[in-house]
>>> print(open('run-v3.cif').read())   # mmCIF, C-alpha atoms
data_upload
#
loop_
_atom_site.group_PDB
_atom_site.id
_atom_site.type_symbol
_atom_site.label_atom_id
_atom_site.label_comp_id
_atom_site.auth_asym_id
_atom_site.auth_seq_id
_atom_site.Cartn_x
_atom_site.Cartn_y
_atom_site.Cartn_z
ATOM 1 C CA ASP X 228 85.823 112.257 132.778
ATOM 2 C CA THR X 229 86.326 110.176 129.643
ATOM 3 C CA GLU X 230 86.885 113.075 127.302
ATOM 4 C CA VAL X 231 89.482 113.410 124.603
ATOM 5 C CA THR X 232 89.531 116.813 122.918
ATOM 6 C CA GLN X 233 90.869 117.640 119.470
ATOM 7 C CA THR X 234 91.544 120.925 117.725
ATOM 8 C CA PRO X 235 90.761 122.205 115.213
ATOM 9 C CA LYS X 236 87.456 120.583 114.282
ATOM 10 C CA HIS X 237 87.941 121.395 110.616
ATOM 11 C CA LEU X 238 91.057 122.257 108.642
ATOM 12 C CA VAL X 239 91.538 123.195 105.005
ATOM 13 C CA MET X 240 95.108 123.366 103.766
ATOM 14 C CA GLY X 241 97.020 123.603 100.542
ATOM 15 C CA MET X 242 99.628 121.091 99.520
ATOM 16 C CA THR X 243 102.479 123.450 100.461
ATOM 17 C CA ASN X 244 101.142 124.403 103.888
ATOM 18 C CA LYS X 245 102.379 123.296 107.294
ATOM 19 C CA LYS X 246 99.753 122.753 109.960
ATOM 20 C CA SER X 247 99.332 120.819 113.209
ATOM 21 C CA LEU X 248 96.532 118.837 114.768
ATOM 22 C CA LYS X 249 96.268 118.779 118.544
ATOM 23 C CA CYS X 250 94.836 116.252 120.972
ATOM 24 C CA GLU X 251 94.484 116.437 124.745
ATOM 25 C CA GLN X 252 93.271 114.110 127.473
ATOM 26 C CA HIS X 253 93.184 114.410 131.258
ATOM 27 C CA MET X 254 92.299 110.844 132.168
ATOM 28 C CA GLY X 255 95.837 109.971 133.227
ATOM 29 C CA HIS X 256 96.206 107.670 130.227
ATOM 30 C CA ARG X 257 99.788 106.991 129.189
ATOM 31 C CA ALA X 258 99.040 105.698 125.686
ATOM 32 C CA MET X 259 97.832 107.933 122.884
ATOM 33 C CA TYR X 260 96.967 107.078 119.294
ATOM 34 C CA TRP X 261 96.436 108.698 115.906
ATOM 35 C CA TYR X 262 94.012 107.135 113.431
ATOM 36 C CA LYS X 263 93.002 108.154 109.925
ATOM 37 C CA GLN X 264 89.456 107.499 108.779
ATOM 38 C CA LYS X 265 88.101 107.806 105.265
ATOM 39 C CA ALA X 266 84.372 108.163 104.677
ATOM 40 C CA LYS X 267 82.343 105.012 105.353
ATOM 41 C CA LYS X 268 85.485 103.098 106.368
ATOM 42 C CA PRO X 269 86.823 101.977 109.755
ATOM 43 C CA PRO X 270 89.664 103.941 111.351
ATOM 44 C CA GLU X 271 93.207 102.968 110.351
ATOM 45 C CA LEU X 272 95.939 103.129 112.959
ATOM 46 C CA MET X 273 98.796 105.535 112.202
ATOM 47 C CA PHE X 274 100.860 105.946 115.390
ATOM 48 C CA VAL X 275 100.911 104.798 119.002
ATOM 49 C CA TYR X 276 102.719 106.556 121.830
ATOM 50 C CA SER X 277 103.327 104.816 125.127
ATOM 51 C CA TYR X 278 104.784 106.842 128.014
ATOM 52 C CA GLU X 279 105.505 109.649 125.552
ATOM 53 C CA LYS X 280 107.618 107.386 123.351
ATOM 54 C CA LEU X 281 106.641 106.314 119.843
ATOM 55 C CA SER X 282 105.924 102.595 120.001
ATOM 56 C CA ILE X 283 104.087 101.917 116.730
ATOM 57 C CA ASN X 284 104.419 103.627 113.361
ATOM 58 C CA GLU X 285 102.235 101.905 110.799
ATOM 59 C CA SER X 286 104.455 102.815 107.839
ATOM 60 C CA VAL X 287 102.995 106.296 107.658
ATOM 61 C CA PRO X 288 104.553 108.709 105.091
ATOM 62 C CA SER X 289 107.004 111.206 106.548
ATOM 63 C CA ARG X 290 104.741 114.112 105.639
ATOM 64 C CA PHE X 291 102.927 113.143 108.868
ATOM 65 C CA SER X 292 105.069 113.758 111.939
ATOM 66 C CA PRO X 293 103.724 112.907 115.408
ATOM 67 C CA GLU X 294 104.876 114.477 118.636
ATOM 68 C CA CYS X 295 103.999 113.745 122.254
ATOM 69 C CA PRO X 296 105.286 116.681 124.324
ATOM 70 C CA ASN X 297 103.837 115.372 127.598
ATOM 71 C CA SER X 298 101.532 112.711 128.948
ATOM 72 C CA SER X 299 98.383 114.734 128.195
ATOM 73 C CA LEU X 300 99.144 116.088 124.736
ATOM 74 C CA LEU X 301 99.578 114.580 121.304
ATOM 75 C CA ASN X 302 100.275 116.524 118.139
ATOM 76 C CA LEU X 303 100.300 115.566 114.482
ATOM 77 C CA HIS X 304 102.370 117.873 112.296
ATOM 78 C CA LEU X 305 101.381 118.010 108.654
ATOM 79 C CA HIS X 306 103.578 119.147 105.780
ATOM 80 C CA ALA X 307 103.297 118.838 102.002
ATOM 81 C CA LEU X 308 100.149 116.749 102.149
ATOM 82 C CA GLN X 309 98.384 115.298 99.146
ATOM 83 C CA PRO X 310 94.653 115.523 98.322
ATOM 84 C CA GLU X 311 94.305 111.815 99.140
ATOM 85 C CA ASP X 312 95.276 112.659 102.730
ATOM 86 C CA SER X 313 91.902 114.356 103.150
ATOM 87 C CA ALA X 314 90.129 112.408 105.909
ATOM 88 C CA LEU X 315 88.917 112.494 109.499
ATOM 89 C CA TYR X 316 91.878 112.270 111.878
ATOM 90 C CA LEU X 317 91.008 110.711 115.195
ATOM 91 C CA CYS X 318 92.976 110.757 118.401
ATOM 92 C CA ALA X 319 92.458 108.163 121.135
ATOM 93 C CA SER X 320 93.945 107.381 124.525
ATOM 94 C CA SER X 321 94.084 104.388 126.832
ATOM 95 C CA GLN X 322 95.696 103.129 129.980
ATOM 96 C CA VAL X 323 98.881 101.125 129.812
ATOM 97 C CA ASN X 324 98.745 97.905 131.810
ATOM 98 C CA SER X 325 101.980 96.128 132.698
ATOM 99 C CA GLY X 326 103.740 98.037 129.949
ATOM 100 C CA ARG X 327 101.255 96.919 127.302
ATOM 101 C CA THR X 328 99.055 99.242 125.265
ATOM 102 C CA TYR X 329 97.196 96.437 123.550
ATOM 103 C CA GLY X 330 94.168 95.040 125.285
ATOM 104 C CA GLU X 331 93.281 98.374 126.862
ATOM 105 C CA THR X 332 90.069 100.282 126.188
ATOM 106 C CA GLN X 333 90.575 103.232 123.870
ATOM 107 C CA TYR X 334 88.603 106.455 124.160
ATOM 108 C CA PHE X 335 88.315 108.582 121.041
ATOM 109 C CA GLY X 336 88.116 112.297 120.438
ATOM 110 C CA PRO X 337 85.664 113.949 118.016
ATOM 111 C CA GLY X 338 88.262 114.144 115.269
ATOM 112 C CA THR X 339 89.633 116.804 112.950
ATOM 113 C CA ARG X 340 88.165 116.807 109.459
ATOM 114 C CA LEU X 341 91.006 117.660 107.089
ATOM 115 C CA LEU X 342 90.633 118.769 103.497
ATOM 116 C CA VAL X 343 93.767 119.093 101.370
ATOM 117 C CA LEU X 344 93.376 121.187 98.227
ATOM 118 C CA GLY W 237 95.601 87.024 110.185
ATOM 119 C CA GLU W 238 93.151 88.973 112.263
ATOM 120 C CA ASP W 239 89.842 89.887 110.678
ATOM 121 C CA VAL W 240 86.549 91.239 111.956
ATOM 122 C CA GLU W 241 83.431 90.841 109.823
ATOM 123 C CA GLN W 242 80.137 92.709 110.062
ATOM 124 C CA SER W 243 77.097 93.038 107.855
ATOM 125 C CA LEU W 244 77.102 96.480 106.240
ATOM 126 C CA PHE W 245 73.508 97.639 106.642
ATOM 127 C CA LEU W 246 70.547 97.196 108.967
ATOM 128 C CA SER W 247 67.219 98.951 108.698
ATOM 129 C CA VAL W 248 64.627 98.863 111.487
ATOM 130 C CA ARG W 249 61.527 100.727 112.549
ATOM 131 C CA GLU W 250 61.435 102.914 115.621
ATOM 132 C CA GLY W 251 60.509 100.896 118.703
ATOM 133 C CA ASP W 252 61.771 97.596 117.295
ATOM 134 C CA SER W 253 64.874 95.804 118.524
ATOM 135 C CA SER W 254 68.054 95.940 116.454
ATOM 136 C CA VAL W 255 70.627 93.188 116.420
ATOM 137 C CA ILE W 256 74.035 93.871 114.909
ATOM 138 C CA ASN W 257 76.308 90.892 114.422
ATOM 139 C CA CYS W 258 80.065 90.530 114.249
ATOM 140 C CA THR W 259 82.495 87.664 113.821
ATOM 141 C CA TYR W 260 86.160 87.800 114.711
ATOM 142 C CA THR W 261 89.066 85.466 114.187
ATOM 143 C CA ASP W 262 91.533 85.910 117.037
ATOM 144 C CA SER W 263 90.526 83.654 119.911
ATOM 145 C CA SER W 264 93.144 85.289 122.150
ATOM 146 C CA SER W 265 91.361 88.659 122.096
ATOM 147 C CA THR W 266 90.908 89.951 125.608
ATOM 148 C CA TYR W 267 88.243 92.594 125.035
ATOM 149 C CA LEU W 268 85.645 93.057 122.332
ATOM 150 C CA TYR W 269 84.122 96.476 121.778
ATOM 151 C CA TRP W 270 81.202 98.225 120.192
ATOM 152 C CA TYR W 271 81.753 101.802 119.068
ATOM 153 C CA LYS W 272 79.082 104.116 117.657
ATOM 154 C CA GLN W 273 79.824 106.834 115.116
ATOM 155 C CA GLU W 274 77.208 109.427 114.233
ATOM 156 C CA PRO W 275 77.588 111.406 110.988
ATOM 157 C CA GLY W 276 80.509 113.821 111.172
ATOM 158 C CA ALA W 277 81.466 112.743 114.691
ATOM 159 C CA GLY W 278 84.180 110.721 116.368
ATOM 160 C CA LEU W 279 83.838 107.230 117.798
ATOM 161 C CA GLN W 280 81.839 106.839 120.974
ATOM 162 C CA LEU W 281 82.582 103.790 123.113
ATOM 163 C CA LEU W 282 79.203 102.153 123.621
ATOM 164 C CA THR W 283 80.101 99.057 125.551
ATOM 165 C CA TYR W 284 82.646 96.285 125.767
ATOM 166 C CA ILE W 285 82.813 92.744 126.995
ATOM 167 C CA PHE W 286 85.676 90.793 128.476
ATOM 168 C CA SER W 287 86.407 87.552 126.703
ATOM 169 C CA ASN W 288 85.515 85.374 129.715
ATOM 170 C CA MET W 289 81.952 86.746 129.799
ATOM 171 C CA ASP W 290 78.948 85.499 127.830
ATOM 172 C CA MET W 291 76.659 88.460 128.203
ATOM 173 C CA LYS W 292 76.673 92.057 129.338
ATOM 174 C CA GLN W 293 73.629 94.288 129.714
ATOM 175 C CA ASP W 294 73.675 98.057 129.987
ATOM 176 C CA GLN W 295 70.277 99.753 129.854
ATOM 177 C CA ARG W 296 68.958 99.254 126.287
ATOM 178 C CA LEU W 297 72.137 97.492 125.151
ATOM 179 C CA THR W 298 72.799 93.774 125.419
ATOM 180 C CA VAL W 299 76.048 92.252 124.244
ATOM 181 C CA LEU W 300 76.245 88.510 123.650
ATOM 182 C CA LEU W 301 79.536 86.692 123.139
ATOM 183 C CA ASN W 302 79.818 83.173 121.767
ATOM 184 C CA LYS W 303 83.504 82.463 122.142
ATOM 185 C CA LYS W 304 83.275 79.026 120.557
ATOM 186 C CA ASP W 305 81.891 80.477 117.326
ATOM 187 C CA LYS W 306 83.823 83.772 117.718
ATOM 188 C CA HIS W 307 80.522 85.629 117.354
ATOM 189 C CA LEU W 308 79.613 88.903 119.018
ATOM 190 C CA SER W 309 76.258 90.651 118.840
ATOM 191 C CA LEU W 310 74.833 93.960 119.988
ATOM 192 C CA ARG W 311 71.130 94.179 120.674
ATOM 193 C CA ILE W 312 69.518 97.602 121.010
ATOM 194 C CA ALA W 313 66.085 97.447 122.586
ATOM 195 C CA ASP W 314 63.381 99.987 121.686
ATOM 196 C CA THR W 315 65.491 101.461 118.891
ATOM 197 C CA GLN W 316 65.132 105.216 118.464
ATOM 198 C CA THR W 317 65.904 107.511 115.523
ATOM 199 C CA GLY W 318 68.844 108.823 117.540
ATOM 200 C CA ASP W 319 70.385 105.352 117.328
ATOM 201 C CA SER W 320 70.914 105.816 113.579
ATOM 202 C CA ALA W 321 74.679 105.642 113.131
ATOM 203 C CA ILE W 322 77.524 103.373 112.073
ATOM 204 C CA TYR W 323 78.364 100.704 114.636
ATOM 205 C CA PHE W 324 81.887 99.288 114.664
ATOM 206 C CA CYS W 325 82.810 96.020 116.273
ATOM 207 C CA ALA W 326 86.469 95.888 117.367
ATOM 208 C CA GLU W 327 88.826 93.460 119.029
ATOM 209 C CA THR W 328 92.189 93.794 120.710
ATOM 210 C CA PRO W 329 94.301 90.735 119.964
ATOM 211 C CA ASN W 330 96.479 89.780 122.880
ATOM 212 C CA GLN W 331 99.772 90.400 121.161
ATOM 213 C CA ALA W 332 102.258 93.209 121.101
ATOM 214 C CA GLY W 333 102.458 95.498 118.117
ATOM 215 C CA THR W 334 98.728 95.488 117.522
ATOM 216 C CA ALA W 335 95.983 97.840 118.542
ATOM 217 C CA LEU W 336 92.268 97.818 117.821
ATOM 218 C CA ILE W 337 91.129 95.796 114.831
ATOM 219 C CA PHE W 338 87.869 97.165 113.498
ATOM 220 C CA GLY W 339 85.148 95.625 111.426
ATOM 221 C CA LYS W 340 83.942 97.596 108.408
ATOM 222 C CA GLY W 341 80.993 98.955 110.369
ATOM 223 C CA THR W 342 77.239 98.375 110.205
ATOM 224 C CA THR W 343 75.086 101.328 109.181
ATOM 225 C CA LEU W 344 71.912 101.271 111.252
ATOM 226 C CA SER W 345 68.990 103.189 109.774
ATOM 227 C CA VAL W 346 65.960 103.753 112.005
ATOM 228 C CA SER W 347 62.722 104.914 110.405
ATOM 229 C CA SER W 348 59.836 106.461 112.285
#
>>> encode(input="run-v3.cif", output="structure tokens")
Amino acid sequence: DTEVTQTPKHLVMGMTNKKSLKCEQHMGHRAMYWYKQKAKKPPELMFVYSYEKLSINESVPSRFSPECPNSSLLNLHLHALQPEDSALYLCASSQVNSGRTYGETQYFGPGTRLLVL
Amino acid sequence: GEDVEQSLFLSVREGDSSVINCTYTDSSSTYLYWYKQEPGAGLQLLTYIFSNMDMKQDQRLTVLLNKKDKHLSLRIADTQTGDSAIYFCAETPNQAGTALIFGKGTTLSVSS
């Protein structure tokens, strides 16, 4: 099973709303990732969790708050977003080899398409 | 710095072979990947090649790696309309603090 699931598939929110994106995998991977993807562009890395600890934060604004409650789940909490935050948000997971997340194959979920009004 | 380059568009006819090319800069990359993204969907891992390999074949897909020239290609045999998508080449530099580095993606259009 190489499936990563994400909910919801679509989300529309106002700039004052608080919402959360959810990601789940049951492959036993101990690294999980959030990416943001604008139309016709490659994904941009936002956060990396390794063994449920935040290991990379790519200078993402604080209105995005990640959480990794256990080894299978990854959340992205959204608050006071801007219209330019509208994008496809992708979750991915990978194994961790010898403590390293880099160099490991990442498997992506279908994404959540977010529209901020 | 790390960079991955791809041509942006490729148009082929159904039944022809497609070849999508990619160049990368980090010679220490351990794996090189091809991901496929259909409209409105997430990224699907198509195939990958370890940096000590020259070629990998998987059904209609053939990946060629020229490590000297840092050139990676994906050949799709007997291209079908269902192969129409954006194809991303990606590398994982062998250094901490980095994850996947993607090319800009090649849009493959298959006409019947």
>>> atom_distance(input="run-v3.cif", atom1="atom CA of X:Met259", atom2="atom CA of X:Thr332")
11.4 Å
>>> resolve_selection(input="run-v3.cif", expression="the PyMOL selection byres ((chain W and resi 279) around 12)", output="number ranges by chain")
X: 230-231, 262, 264, 269-270, 315-319, 333-338; W: 269-278, 280-283, 321-326, 338, 341
>>> resolve_selection(input="run-v3.cif", expression="the PyMOL selection byres ((chain W and resi 242) around 10)", output="list in words")
Val240, Glu241, Ser243, Leu244, Phe245, Ile256, Asn257, Cys258, Thr259, Tyr260, Leu308, Ser309, Tyr323, Phe324, Cys325, Phe338, Gly339, Lys340, Gly341 and Thr342 of chain W
>>> resolve_selection(input="run-v3.cif", expression="the PyMOL selection byres ((chain W and resi 288) around 10)", output="JSON, numbers by chain")
{"W": [266, 267, 285, 286, 287, 289, 290, 291, 301, 303]}
>>> atom_distance(input="run-v3.cif", atom1="atom CA of X:Leu305", atom2="atom CA of X:Leu341")
10.5 Å
>>> atom_distance(input="run-v3.cif", atom1="atom CA of W:Val248", atom2="atom CA of W:Lys292")
22.6 Å
>>> closest_residue(input="run-v3.cif", among="W:Lys306, W:Thr315, W:Asp294, W:Ser265", to="chain X", atoms="all atoms listed in the file")
W:Ser265
>>> closest_residue(input="run-v3.cif", among="W:Ser348, W:Gln316, W:Ser247, W:Thr328", to="chain X", atoms="all atoms listed in the file")
W:Thr328
